[in-house]
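**Student:** I'd like to ask some things about the structure below.
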Amino acid sequence: MAFSSQILVALILILLFLSFMYFRQLNMLKKEIMHMPMGIRTNIKKHKLIGESINSFRFFRRDSVEKNLIILITDPTCLHCNNALSELIKLALSTDKLTLFHWISRSEKGDSRIIEKRIDNSKKNYYQINVITEKLYEYDLNSFPTYILVKNEEIIEVTSSSKRISYLINNELGENINE
């Protein structure tokens, strides 16, 4: 009888331990589920610049005739922006179909000329311009970094996701970018 009560106590302790572990794991999984993105939303609003001409930016006048551009908008105080520029340079090096522009948001007036810069260890260049922050806000460009993808002088995407831009360049635009 003493032996069976010891087994019963041991089984109860094991059951309590397993129950504790089960509820602990269940709570951890619930937290993970809460951090997952919501389902696909069908009412996603497009940015008001999508479909507009790149020439709609009054402050952006370029001498070149490139029709396919990728524009990165950064802010000097943004922690993620330096990484975004290096990622975008890697992406720009992988294709000759896009010209890279880097717009830097500035709070004060300054030099707004387009400066041509060479990408390290390559023959490719990118172009940098300082833009007054208020002018960016007029176009609802108020988060950094922001990417603008332009195909045939028409804005086809405005996003903060480098993965989205990479996907569009590699899959959506593919061979048709020079149409």
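Residues in the structure tokens are named by chain (A, B, ... in the order shown) and by number from 1 within that chain; ligands are numbered from 1 in the order shown.
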For Ile70 of chain A, list every protein, DNA or RNA residue within 9 Å, evaluated using only C-alpha atoms, and leave out those in the same chain fewer than 2 positions away; present the list as a PyMOL selection string.

**Tutor:** chain A and resi 68+72+88+92+98-102+147-151+165

**Student:** Please write the residues from the selection above to a file, keeping C-alpha atoms, as a PDB file, in the first residue's frame.

**Tutor:**
```pdb
ATOM      1  CA  ASN A  68      13.248  53.726 -64.543  1.00  0.00           C
ATOM      2  CA  LEU A  72      15.473  56.189 -51.441  1.00  0.00           C
ATOM      3  CA  LEU A  88      19.687  49.476 -52.000  1.00  0.00           C
ATOM      4  CA  ALA A  92      21.167  48.587 -57.736  1.00  0.00           C
ATOM      5  CA  LEU A  98      17.369  51.154 -62.680  1.00  0.00           C
ATOM      6  CA  THR A  99      19.037  54.417 -61.767  1.00  0.00           C
ATOM      7  CA  LEU A 100      19.391  55.044 -58.035  1.00  0.00           C
ATOM      8  CA  PHE A 101      18.540  58.413 -56.467  1.00  0.00           C
ATOM      9  CA  HIS A 102      19.094  59.141 -52.795  1.00  0.00           C
ATOM     10  CA  TYR A 147      11.416  53.795 -51.311  1.00  0.00           C
ATOM     11  CA  ILE A 148       9.815  55.035 -54.513  1.00  0.00           C
ATOM     12  CA  LEU A 149       9.930  52.784 -57.572  1.00  0.00           C
ATOM     13  CA  VAL A 150       9.455  54.469 -60.940  1.00  0.00           C
ATOM     14  CA  LYS A 151       8.846  52.648 -64.218  1.00  0.00           C
ATOM     15  CA  ILE A 165      11.068  46.842 -53.558  1.00  0.00           C
TER      16      ILE A 165
END
```

**Student:** Excluding Leu91 of chain A and its own-chain neighbours fewer than 2 positions away, which residues fall within 10 Å of it when counting only C-alpha atoms? Please give them as JSON, numbers by chain.

**Tutor:** {"A": [85, 86, 87, 88, 89, 93, 94, 95, 96, 98, 100, 162, 165, 166, 169, 170]}

**Student:** Give me, as a ChimeraX atom specification, the residues of segment 43-159 of chain A that a backbone DSSP run labels alpha helix (DSSP H).

**Tutor:** /A:81-93,133-138

**Student:** Keeping only N, CA, C and O atoms, write those residues as a PDB file, in the first residue's frame.

**Tutor:**
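Okay, part38.pdb is ready:
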```pdb
ATOM      1  N   CYS A  81      18.286  54.116 -41.766  1.00  0.00           N
ATOM      2  CA  CYS A  81      18.498  54.641 -43.116  1.00  0.00           C
ATOM      3  C   CYS A  81      19.863  54.283 -43.697  1.00  0.00           C
ATOM      4  O   CYS A  81      19.985  54.058 -44.898  1.00  0.00           O
ATOM      5  N   ASN A  82      20.906  54.232 -42.871  1.00  0.00           N
ATOM      6  CA  ASN A  82      22.227  53.867 -43.386  1.00  0.00           C
ATOM      7  C   ASN A  82      22.226  52.447 -43.926  1.00  0.00           C
ATOM      8  O   ASN A  82      22.784  52.167 -44.981  1.00  0.00           O
ATOM      9  N   ASN A  83      21.592  51.553 -43.198  1.00  0.00           N
ATOM     10  CA  ASN A  83      21.480  50.176 -43.650  1.00  0.00           C
ATOM     11  C   ASN A  83      20.643  50.094 -44.929  1.00  0.00           C
ATOM     12  O   ASN A  83      20.943  49.312 -45.829  1.00  0.00           O
ATOM     13  N   ALA A  84      19.603  50.913 -45.002  1.00  0.00           N
ATOM     14  CA  ALA A  84      18.745  50.910 -46.190  1.00  0.00           C
ATOM     15  C   ALA A  84      19.532  51.326 -47.425  1.00  0.00           C
ATOM     16  O   ALA A  84      19.361  50.753 -48.502  1.00  0.00           O
ATOM     17  N   LEU A  85      20.394  52.327 -47.291  1.00  0.00           N
ATOM     18  CA  LEU A  85      21.201  52.771 -48.430  1.00  0.00           C
ATOM     19  C   LEU A  85      22.143  51.675 -48.884  1.00  0.00           C
ATOM     20  O   LEU A  85      22.253  51.406 -50.082  1.00  0.00           O
ATOM     21  N   SER A  86      22.810  51.006 -47.959  1.00  0.00           N
ATOM     22  CA  SER A  86      23.733  49.938 -48.364  1.00  0.00           C
ATOM     23  C   SER A  86      22.985  48.767 -49.015  1.00  0.00           C
ATOM     24  O   SER A  86      23.465  48.192 -49.987  1.00  0.00           O
ATOM     25  N   GLU A  87      21.795  48.428 -48.504  1.00  0.00           N
ATOM     26  CA  GLU A  87      20.991  47.374 -49.130  1.00  0.00           C
ATOM     27  C   GLU A  87      20.562  47.762 -50.540  1.00  0.00           C
ATOM     28  O   GLU A  87      20.599  46.952 -51.465  1.00  0.00           O
ATOM     29  N   LEU A  88      20.160  49.011 -50.701  1.00  0.00           N
ATOM     30  CA  LEU A  88      19.687  49.476 -52.000  1.00  0.00           C
ATOM     31  C   LEU A  88      20.840  49.557 -53.005  1.00  0.00           C
ATOM     32  O   LEU A  88      20.655  49.274 -54.185  1.00  0.00           O
ATOM     33  N   ILE A  89      22.018  49.901 -52.549  1.00  0.00           N
ATOM     34  CA  ILE A  89      23.184  49.924 -53.436  1.00  0.00           C
ATOM     35  C   ILE A  89      23.477  48.518 -53.931  1.00  0.00           C
ATOM     36  O   ILE A  89      23.739  48.311 -55.117  1.00  0.00           O
ATOM     37  N   LYS A  90      23.391  47.527 -53.049  1.00  0.00           N
ATOM     38  CA  LYS A  90      23.577  46.133 -53.481  1.00  0.00           C
ATOM     39  C   LYS A  90      22.548  45.747 -54.533  1.00  0.00           C
ATOM     40  O   LYS A  90      22.860  45.095 -55.524  1.00  0.00           O
ATOM     41  N   LEU A  91      21.317  46.158 -54.313  1.00  0.00           N
ATOM     42  CA  LEU A  91      20.246  45.857 -55.255  1.00  0.00           C
ATOM     43  C   LEU A  91      20.476  46.577 -56.582  1.00  0.00           C
ATOM     44  O   LEU A  91      20.287  46.000 -57.653  1.00  0.00           O
ATOM     45  N   ALA A  92      20.912  47.816 -56.517  1.00  0.00           N
ATOM     46  CA  ALA A  92      21.167  48.587 -57.736  1.00  0.00           C
ATOM     47  C   ALA A  92      22.321  47.986 -58.530  1.00  0.00           C
ATOM     48  O   ALA A  92      22.325  48.024 -59.767  1.00  0.00           O
ATOM     49  N   LEU A  93      23.287  47.417 -57.837  1.00  0.00           N
ATOM     50  CA  LEU A  93      24.407  46.782 -58.535  1.00  0.00           C
ATOM     51  C   LEU A  93      23.992  45.510 -59.249  1.00  0.00           C
ATOM     52  O   LEU A  93      24.635  45.094 -60.215  1.00  0.00           O
ATOM     53  N   THR A 133      12.528  68.957 -45.711  1.00  0.00           N
ATOM     54  CA  THR A 133      11.554  68.032 -45.125  1.00  0.00           C
ATOM     55  C   THR A 133      10.119  68.462 -45.402  1.00  0.00           C
ATOM     56  O   THR A 133       9.263  67.622 -45.701  1.00  0.00           O
ATOM     57  N   GLU A 134       9.843  69.733 -45.326  1.00  0.00           N
ATOM     58  CA  GLU A 134       8.480  70.220 -45.553  1.00  0.00           C
ATOM     59  C   GLU A 134       7.987  69.886 -46.961  1.00  0.00           C
ATOM     60  O   GLU A 134       6.805  69.619 -47.154  1.00  0.00           O
ATOM     61  N   LYS A 135       8.885  69.903 -47.941  1.00  0.00           N
ATOM     62  CA  LYS A 135       8.493  69.557 -49.309  1.00  0.00           C
ATOM     63  C   LYS A 135       8.113  68.077 -49.400  1.00  0.00           C
ATOM     64  O   LYS A 135       7.191  67.716 -50.117  1.00  0.00           O
ATOM     65  N   LEU A 136       8.821  67.237 -48.648  1.00  0.00           N
ATOM     66  CA  LEU A 136       8.471  65.813 -48.625  1.00  0.00           C
ATOM     67  C   LEU A 136       7.120  65.604 -47.964  1.00  0.00           C
ATOM     68  O   LEU A 136       6.319  64.781 -48.415  1.00  0.00           O
ATOM     69  N   TYR A 137       6.854  66.340 -46.902  1.00  0.00           N
ATOM     70  CA  TYR A 137       5.575  66.221 -46.206  1.00  0.00           C
ATOM     71  C   TYR A 137       4.407  66.602 -47.107  1.00  0.00           C
ATOM     72  O   TYR A 137       3.314  66.054 -46.980  1.00  0.00           O
ATOM     73  N   GLU A 138       4.628  67.531 -48.030  1.00  0.00           N
ATOM     74  CA  GLU A 138       3.570  67.917 -48.970  1.00  0.00           C
ATOM     75  C   GLU A 138       3.097  66.726 -49.805  1.00  0.00           C
ATOM     76  O   GLU A 138       1.951  66.669 -50.234  1.00  0.00           O
TER      77      GLU A 138
END
```

**Student:** For the atom pair atom CA of Thr146 of chain A and atom CA of Val158 of chain A, what is the interatomic distance in Å to one decimal place?

**Tutor:**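 Pair atom CA of Thr146 of chain A / atom CA of Val158 of chain A returns 7.0 Å.
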
**Student:** Find the distance between atom CA of Ser160 of chain A and atom CA of Ile73 of chain A and write it in Å to one decimal.

**Tutor:**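 We find that atom CA of Ser160 of chain A and atom CA of Ile73 of chain A lie 9.5 Å from each other.
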
**Student:** In Å, with one decimal, what is the gap from atom CA of His47 of chain A to atom CA of Tyr167 of chain A?

**Tutor:** 18.2 Å
